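Read the structure below first, then the notes.
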Amino acid sequence: LHSFAAPYKYTASRGNLGHDLLSDHRLLAGLPAHSSKASTPACQLTKDYKLKVLVGKIRETLNLKGRQAFPRRQISVVLYLAVTYDQRHRAELIRQRLAEYPWIRPVFPLIAREMTLWHCRRWLRDYGKLPLPVPRSGCVFCPFKSNQDWQWLRKHDPQGFAMAVEVDRNLRPSDNHAVAPRYLHHSGIPLFKADFDAPESRDAKERLGFHREC
């Protein structure tokens, strides 16, 4: 968690999720992945590595201890989220996740302005003065990447791509043949062997992208 556009700047983190996945097979089992024989599991990572970190930092900032009740009659939190207009269906999912924290009010300024991902990229190109094109956000080992996303990661973040390859390899432990093999790439082959230039089927495209946000 990083806060920049506020009177105070905050940084909070639970740790390195990639390293945690490689060291904890139970955590790895909860990572969504592609499999021909098993459905994608519901992912707990967003709650544990994003939401709990956010809530914990807010409570810390207000000096709330342990299970001390939030003073919702005196304080409310407005949480601005950069969800674009073409991904507005995610807003309802986020509201559901935040429902247990009624003192947080999520606000979606890009949706209110009907700014799509294309509009954001154009704005960053014209005003952001960034040295590289900006990809969509997501973990380096997110299984809902398109071939274009994987290509970008391999080219611009080789260290992140290497981490994704290692996580993908660990999804298929050599000593467990009773479980259907799982893969990060939608083709169902090891990531380091995947053909990122291959055309994607309509079915594959429907299984990728932000609408399958973990």
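Identifiers for the structure tokens are assigned positionally: chains receive A, B, ... in sequence, residues are indexed from 1 per chain, and ligands are indexed from 1 in the order shown.
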Got a sec: who's within 12 Å of range 158-171 of chain A, counting only C-alpha atoms, leaving out chain neighbours fewer than 4 positions off, as a ChimeraX atom specification?
-> /A:16-35,138-143,145,149-154,175-177,179-186,188-194
Please provide as a VMD selection string all residues within 12 Å of Ser13 in chain A, with the sequence filter that same-chain residues fewer than 2 positions apart are discarded (counting only C-alpha atoms).
-> chain A and resid 1 to 3 10 to 11 15 to 17 48 to 57
Based on the selection just made, write N, CA and C atoms of those residues as a PDB file, in the first residue's frame.
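To be explicit, this is the file written out as part35.pdb:
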ATOM      1  N   LEU A   1       0.856  -1.187   0.000  1.00  0.00           N
ATOM      2  CA  LEU A   1       0.000   0.000   0.000  1.00  0.00           C
ATOM      3  C   LEU A   1       0.890   1.233   0.000  1.00  0.00           C
ATOM      4  N   HIS A   2       0.666   2.138  -0.949  1.00  0.00           N
ATOM      5  CA  HIS A   2       1.375   3.410  -0.996  1.00  0.00           C
ATOM      6  C   HIS A   2       0.352   4.527  -1.108  1.00  0.00           C
ATOM      7  N   SER A   3       0.513   5.574  -0.321  1.00  0.00           N
ATOM      8  CA  SER A   3      -0.366   6.729  -0.373  1.00  0.00           C
ATOM      9  C   SER A   3       0.470   7.926  -0.778  1.00  0.00           C
ATOM     10  N   TYR A  10       1.963   7.352   3.334  1.00  0.00           N
ATOM     11  CA  TYR A  10       2.026   6.104   4.071  1.00  0.00           C
ATOM     12  C   TYR A  10       2.478   4.975   3.169  1.00  0.00           C
ATOM     13  N   THR A  11       3.192   4.051   3.741  1.00  0.00           N
ATOM     14  CA  THR A  11       3.551   2.818   3.056  1.00  0.00           C
ATOM     15  C   THR A  11       3.298   1.658   4.009  1.00  0.00           C
ATOM     16  N   GLY A  15       4.375  -8.102   3.129  1.00  0.00           N
ATOM     17  CA  GLY A  15       5.593  -8.820   2.775  1.00  0.00           C
ATOM     18  C   GLY A  15       5.637  -9.074   1.282  1.00  0.00           C
ATOM     19  N   ASN A  16       6.513  -9.975   0.872  1.00  0.00           N
ATOM     20  CA  ASN A  16       6.684 -10.312  -0.539  1.00  0.00           C
ATOM     21  C   ASN A  16       5.839 -11.540  -0.855  1.00  0.00           C
ATOM     22  N   LEU A  17       4.742 -11.328  -1.571  1.00  0.00           N
ATOM     23  CA  LEU A  17       3.826 -12.428  -1.856  1.00  0.00           C
ATOM     24  C   LEU A  17       4.493 -13.518  -2.681  1.00  0.00           C
ATOM     25  N   ASP A  48      -6.025 -10.965   2.265  1.00  0.00           N
ATOM     26  CA  ASP A  48      -4.895 -11.046   3.189  1.00  0.00           C
ATOM     27  C   ASP A  48      -3.788 -10.047   2.869  1.00  0.00           C
ATOM     28  N   TYR A  49      -3.515  -9.829   1.574  1.00  0.00           N
ATOM     29  CA  TYR A  49      -2.373  -9.009   1.194  1.00  0.00           C
ATOM     30  C   TYR A  49      -2.738  -7.592   0.755  1.00  0.00           C
ATOM     31  N   LYS A  50      -4.023  -7.298   0.618  1.00  0.00           N
ATOM     32  CA  LYS A  50      -4.436  -5.943   0.250  1.00  0.00           C
ATOM     33  C   LYS A  50      -5.364  -5.353   1.305  1.00  0.00           C
ATOM     34  N   LEU A  51      -6.531  -5.968   1.461  1.00  0.00           N
ATOM     35  CA  LEU A  51      -7.569  -5.383   2.303  1.00  0.00           C
ATOM     36  C   LEU A  51      -7.141  -5.296   3.769  1.00  0.00           C
ATOM     37  N   LYS A  52      -6.609  -6.395   4.319  1.00  0.00           N
ATOM     38  CA  LYS A  52      -6.193  -6.385   5.719  1.00  0.00           C
ATOM     39  C   LYS A  52      -5.048  -5.410   5.965  1.00  0.00           C
ATOM     40  N   VAL A  53      -4.156  -5.272   4.991  1.00  0.00           N
ATOM     41  CA  VAL A  53      -3.053  -4.320   5.105  1.00  0.00           C
ATOM     42  C   VAL A  53      -3.598  -2.897   5.136  1.00  0.00           C
ATOM     43  N   LEU A  54      -4.554  -2.625   4.259  1.00  0.00           N
ATOM     44  CA  LEU A  54      -5.171  -1.294   4.191  1.00  0.00           C
ATOM     45  C   LEU A  54      -5.879  -0.952   5.494  1.00  0.00           C
ATOM     46  N   VAL A  55      -6.726  -1.868   5.958  1.00  0.00           N
ATOM     47  CA  VAL A  55      -7.475  -1.628   7.188  1.00  0.00           C
ATOM     48  C   VAL A  55      -6.529  -1.486   8.379  1.00  0.00           C
ATOM     49  N   GLY A  56      -5.505  -2.325   8.430  1.00  0.00           N
ATOM     50  CA  GLY A  56      -4.545  -2.256   9.522  1.00  0.00           C
ATOM     51  C   GLY A  56      -3.827  -0.917   9.574  1.00  0.00           C
ATOM     52  N   LYS A  57      -3.460  -0.371   8.399  1.00  0.00           N
ATOM     53  CA  LYS A  57      -2.773   0.917   8.357  1.00  0.00           C
ATOM     54  C   LYS A  57      -3.692   2.042   8.796  1.00  0.00           C
TER      55      LYS A  57
END
Where in chain A does DSSP assign alpha helix (DSSP H), given as a PyMOL selection string?
-> chain A and resi 17-23+25-29+45-46+52-61+89-98+109-112+117-123+147-156+158-170+202-206
Could you please determine the separation between CA of Phe196 in chain A and CA of Trp118 in chain A in Å, to one decimal place?
->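 Separation between CA of Phe196 in chain A and CA of Trp118 in chain A: 22.2 Å.
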Could you tell me how far CA of Val78 in chain A lies from CA of Trp103 in chain A, in Å and to one decimal?
-> 8.5 Å
Hey, can you check how far CA of Gln87 in chain A sits from CA of Pro102 in chain A?
->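 CA of Pro102 in chain A lies at a distance of 23.4 Å from CA of Gln87 in chain A.
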